[in-house]
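Listing of my_file.cif, mmCIF, C-alpha atoms
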```cif
data_protein
#
loop_
_atom_site.group_PDB
_atom_site.id
_atom_site.type_symbol
_atom_site.label_atom_id
_atom_site.label_comp_id
_atom_site.auth_asym_id
_atom_site.auth_seq_id
_atom_site.Cartn_x
_atom_site.Cartn_y
_atom_site.Cartn_z
ATOM 1 C CA MET W 28 -8.657 -0.018 14.492
ATOM 2 C CA ALA W 29 -8.353 -2.707 11.829
ATOM 3 C CA ASN W 30 -7.036 -6.183 12.450
ATOM 4 C CA PRO W 31 -3.975 -7.060 10.321
ATOM 5 C CA LEU W 32 -5.186 -10.670 10.092
ATOM 6 C CA ASP W 33 -8.720 -9.834 8.912
ATOM 7 C CA GLN W 34 -9.652 -12.501 6.343
ATOM 8 C CA ASP W 35 -12.250 -10.292 4.665
ATOM 9 C CA PHE W 36 -9.687 -7.535 4.103
ATOM 10 C CA PHE W 37 -7.171 -10.094 2.766
ATOM 11 C CA ASP W 38 -9.861 -11.262 0.332
ATOM 12 C CA LEU W 39 -10.487 -7.638 -0.715
ATOM 13 C CA LEU W 40 -6.756 -6.984 -1.267
ATOM 14 C CA THR W 41 -6.042 -10.183 -3.163
ATOM 15 C CA GLY W 42 -9.352 -10.331 -5.047
ATOM 16 C CA SER W 43 -9.221 -6.774 -6.338
ATOM 17 C CA TYR W 44 -5.549 -7.195 -7.274
ATOM 18 C CA ARG W 45 -6.363 -10.348 -9.252
ATOM 19 C CA ARG W 46 -9.370 -8.765 -11.007
ATOM 20 C CA LEU W 47 -7.675 -5.459 -11.892
ATOM 21 C CA VAL W 48 -3.987 -6.311 -12.311
ATOM 22 C CA GLY W 49 -4.421 -9.871 -13.548
ATOM 23 C CA ASP W 50 -1.861 -11.428 -11.191
ATOM 24 C CA ASP W 51 -1.891 -13.022 -7.754
ATOM 25 C CA LEU W 52 -0.789 -10.772 -4.891
ATOM 26 C CA ALA W 53 -0.034 -13.803 -2.709
ATOM 27 C CA PRO W 54 1.263 -17.091 -4.110
ATOM 28 C CA PRO W 55 -1.279 -19.929 -4.221
ATOM 29 C CA GLY W 56 -1.623 -21.553 -0.816
ATOM 30 C CA GLN W 57 -0.444 -18.501 1.123
ATOM 31 C CA ASP W 58 -2.845 -16.873 3.538
ATOM 32 C CA VAL W 59 -3.601 -13.686 5.455
ATOM 33 C CA ARG W 60 -0.879 -14.389 8.031
ATOM 34 C CA TRP W 61 1.762 -14.906 5.315
ATOM 35 C CA LEU W 62 0.869 -11.611 3.599
ATOM 36 C CA TYR W 63 1.056 -9.690 6.858
ATOM 37 C CA GLU W 64 4.035 -11.346 8.545
ATOM 38 C CA GLU W 65 6.223 -12.995 5.895
ATOM 39 C CA ALA W 66 5.664 -11.478 2.459
ATOM 40 C CA PRO W 67 8.966 -10.225 0.970
ATOM 41 C CA PHE W 68 7.304 -7.062 -0.309
ATOM 42 C CA ALA W 69 5.325 -4.129 1.066
ATOM 43 C CA VAL W 70 1.541 -3.886 0.946
ATOM 44 C CA LEU W 71 -0.254 -0.754 2.133
ATOM 45 C CA ALA W 72 -3.849 0.357 1.750
ATOM 46 C CA HIS W 73 -5.848 3.467 2.504
ATOM 47 C CA ASN W 74 -9.565 4.090 2.814
ATOM 48 C CA THR W 75 -11.961 6.348 0.916
ATOM 49 C CA ASP W 76 -11.962 9.304 3.341
ATOM 50 C CA GLU W 77 -11.585 12.757 1.796
ATOM 51 C CA ASP W 78 -8.103 12.728 3.350
ATOM 52 C CA PRO W 79 -7.455 8.958 3.028
ATOM 53 C CA ARG W 80 -5.978 7.159 6.028
ATOM 54 C CA PHE W 81 -3.939 3.988 6.031
ATOM 55 C CA VAL W 82 -6.000 0.965 7.025
ATOM 56 C CA TYR W 83 -3.350 -1.683 6.355
ATOM 57 C CA ALA W 84 0.430 -2.007 6.240
ATOM 58 C CA ASN W 85 2.118 -5.388 6.346
ATOM 59 C CA ARG W 86 5.296 -5.925 8.367
ATOM 60 C CA TRP W 87 7.568 -5.308 5.375
ATOM 61 C CA ALA W 88 5.900 -1.911 4.825
ATOM 62 C CA GLN W 89 6.102 -1.114 8.536
ATOM 63 C CA ARG W 90 9.859 -1.746 8.485
ATOM 64 C CA CYS W 91 10.272 0.365 5.359
ATOM 65 C CA PHE W 92 8.376 3.331 6.842
ATOM 66 C CA GLU W 93 9.829 2.727 10.344
ATOM 67 C CA MET W 94 6.397 2.619 12.014
ATOM 68 C CA GLY W 95 4.509 -0.051 13.873
ATOM 69 C CA TRP W 96 0.926 -1.042 13.108
ATOM 70 C CA ASP W 97 -0.530 1.363 15.682
ATOM 71 C CA GLU W 98 1.466 4.272 14.246
ATOM 72 C CA ILE W 99 0.790 3.768 10.554
ATOM 73 C CA VAL W 100 -2.837 2.609 10.625
ATOM 74 C CA GLY W 101 -4.978 5.725 10.926
ATOM 75 C CA LEU W 102 -2.236 8.038 9.595
ATOM 76 C CA PRO W 103 -3.273 10.150 6.586
ATOM 77 C CA SER W 104 -1.552 8.416 3.679
ATOM 78 C CA ARG W 105 -0.387 11.750 2.238
ATOM 79 C CA TYR W 106 2.193 11.817 5.055
ATOM 80 C CA SER W 107 4.028 8.960 3.362
ATOM 81 C CA ALA W 108 5.363 11.596 0.950
ATOM 82 C CA GLU W 109 7.077 14.894 1.703
ATOM 83 C CA ALA W 110 5.077 18.029 0.915
ATOM 84 C CA PRO W 111 6.885 18.754 -2.408
ATOM 85 C CA GLU W 112 6.122 15.195 -3.590
ATOM 86 C CA ARG W 113 2.418 15.209 -2.674
ATOM 87 C CA GLY W 114 1.273 16.726 -5.966
ATOM 88 C CA GLU W 115 2.914 13.915 -7.923
ATOM 89 C CA ARG W 116 1.425 11.386 -5.496
ATOM 90 C CA GLN W 117 -2.060 12.844 -6.038
ATOM 91 C CA ARG W 118 -1.667 12.698 -9.847
ATOM 92 C CA LEU W 119 -0.744 9.033 -9.484
ATOM 93 C CA LEU W 120 -3.781 8.290 -7.301
ATOM 94 C CA ASP W 121 -6.012 10.088 -9.804
ATOM 95 C CA ALA W 122 -4.610 7.873 -12.599
ATOM 96 C CA VAL W 123 -5.298 4.771 -10.495
ATOM 97 C CA ALA W 124 -8.883 5.954 -9.925
ATOM 98 C CA ARG W 125 -9.302 6.478 -13.670
ATOM 99 C CA ASP W 126 -7.538 3.331 -14.942
ATOM 100 C CA GLY W 127 -7.990 0.831 -12.074
ATOM 101 C CA PHE W 128 -4.275 0.319 -11.505
ATOM 102 C CA VAL W 129 -0.813 1.601 -12.357
ATOM 103 C CA ARG W 130 2.197 -0.676 -12.734
ATOM 104 C CA GLY W 131 5.891 0.305 -12.660
ATOM 105 C CA TYR W 132 5.495 3.237 -10.269
ATOM 106 C CA ARG W 133 8.626 4.940 -8.937
ATOM 107 C CA GLY W 134 8.283 7.704 -6.392
ATOM 108 C CA ILE W 135 9.924 9.305 -3.368
ATOM 109 C CA ARG W 136 8.599 8.459 0.077
ATOM 110 C CA ILE W 137 9.700 9.304 3.615
ATOM 111 C CA ALA W 138 10.120 7.146 6.706
ATOM 112 C CA LYS W 139 9.386 8.211 10.274
ATOM 113 C CA SER W 140 13.061 9.051 10.871
ATOM 114 C CA GLY W 141 13.119 11.392 7.869
ATOM 115 C CA ARG W 142 14.977 8.864 5.697
ATOM 116 C CA ARG W 143 13.930 9.432 2.089
ATOM 117 C CA PHE W 144 13.688 6.564 -0.375
ATOM 118 C CA PHE W 145 12.496 5.723 -3.879
ATOM 119 C CA ILE W 146 9.793 3.101 -4.198
ATOM 120 C CA GLU W 147 10.857 0.979 -7.144
ATOM 121 C CA ASP W 148 8.520 -0.801 -9.591
ATOM 122 C CA GLY W 149 5.369 -0.361 -7.491
ATOM 123 C CA VAL W 150 1.830 -1.366 -8.340
ATOM 124 C CA ILE W 151 -1.071 0.746 -7.087
ATOM 125 C CA TRP W 152 -4.633 -0.470 -7.542
ATOM 126 C CA GLN W 153 -8.219 0.277 -6.626
ATOM 127 C CA LEU W 154 -9.719 -1.755 -3.795
ATOM 128 C CA ILE W 155 -13.041 -2.830 -5.232
ATOM 129 C CA ASP W 156 -15.037 -5.600 -3.599
ATOM 130 C CA ASP W 157 -16.897 -8.410 -5.380
ATOM 131 C CA GLY W 158 -20.025 -6.245 -5.506
ATOM 132 C CA GLY W 159 -18.223 -3.388 -7.272
ATOM 133 C CA VAL W 160 -18.037 -1.134 -4.200
ATOM 134 C CA TRP W 161 -14.933 1.074 -4.058
ATOM 135 C CA CYS W 162 -13.188 0.631 -0.701
ATOM 136 C CA GLY W 163 -9.926 2.563 -1.207
ATOM 137 C CA GLN W 164 -6.582 2.064 -2.898
ATOM 138 C CA ALA W 165 -3.614 -0.179 -2.200
ATOM 139 C CA ALA W 166 0.035 -0.350 -3.186
ATOM 140 C CA THR W 167 2.734 -2.973 -3.271
ATOM 141 C CA PHE W 168 6.448 -2.770 -3.950
ATOM 142 C CA ALA W 169 9.338 -5.142 -3.372
ATOM 143 C CA ARG W 170 12.242 -2.772 -3.899
ATOM 144 C CA TRP W 171 13.251 0.576 -2.537
ATOM 145 C CA THR W 172 16.422 2.601 -2.677
ATOM 146 C CA ASP W 173 17.535 5.094 -0.036
ATOM 147 C CA ILE W 174 18.262 8.579 -1.335
#
```

Mind turning this structure into structure tokens?
Amino acid sequence: MANPLDQDFFDLLTGSYRRLVGDDLAPPGQDVRWLYEEAPFAVLAHNTDEDPRFVYANRWAQRCFEMGWDEIVGLPSRYSAEAPERGERQRLLDAVARDGFVRGYRGIRIAKSGRRFFIEDGVIWQLIDDGGVWCGQAATFARWTDI
């Protein structure tokens, strides 16, 4: 299982975000620990498996989805959406694969308890390392609204 404080993964998250989106994911001077433990927004990432699995979720995302690290990491990311919403989620991920990133995303997600919520103003981007290798996709959002 991944380490939430893995510097190489932090570099992949922040580097690909900067290259594709054109902004900094973490403010200058902030590090891997800040992004995982203190960031006031969610960051999640999944791998490139045929049925992608979460490989990262910072504490803010864990609170939002009501799961600890050991519960969310390894979970197929499609389970973050209810079955009727999965088609829309897949269309979004296809657009990210085609365009590199999508900004301003709003979509319904579900927490472990069954609580449904809208992700507000999310950014989803491709995780591409410095060598151009595709490593998965990631998402960030700072606002959500319970339904």

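Take the candidates W:Leu32, W:Ile174, W:Leu154, W:Val48 and check each one against W:Ala84 using only C-alpha atoms; the shortest distance goes to W:Leu32.
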
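Considering all atoms listed in the file, the residue among W:Asn30, W:Thr41, W:Ser140, W:Gln153 positioned nearest to W:Ala165 is W:Gln153.
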
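Take atom CA of W:Phe68 and atom CA of W:Ala169: the distance between them is 4.1 Å.
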
If I put a ball of radius 12 Å at (-4.0, -8.3, -9.5) in the file's coordinates, which residues poke into it when counting all atoms listed in the file, written as a PyMOL selection string?
-> chain W and resi 38-54+127-130+150-155+165-167

Protein, DNA and RNA residues within 12 Å of (10.1, 3.1, 7.1), all atoms listed in the file, as a ChimeraX atom specification = /W:69,84-96,98-99,106-108,136-146,171-173

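Across the model, the gap from atom CA of W:Val59 to atom CA of W:Arg116 is 27.8 Å.
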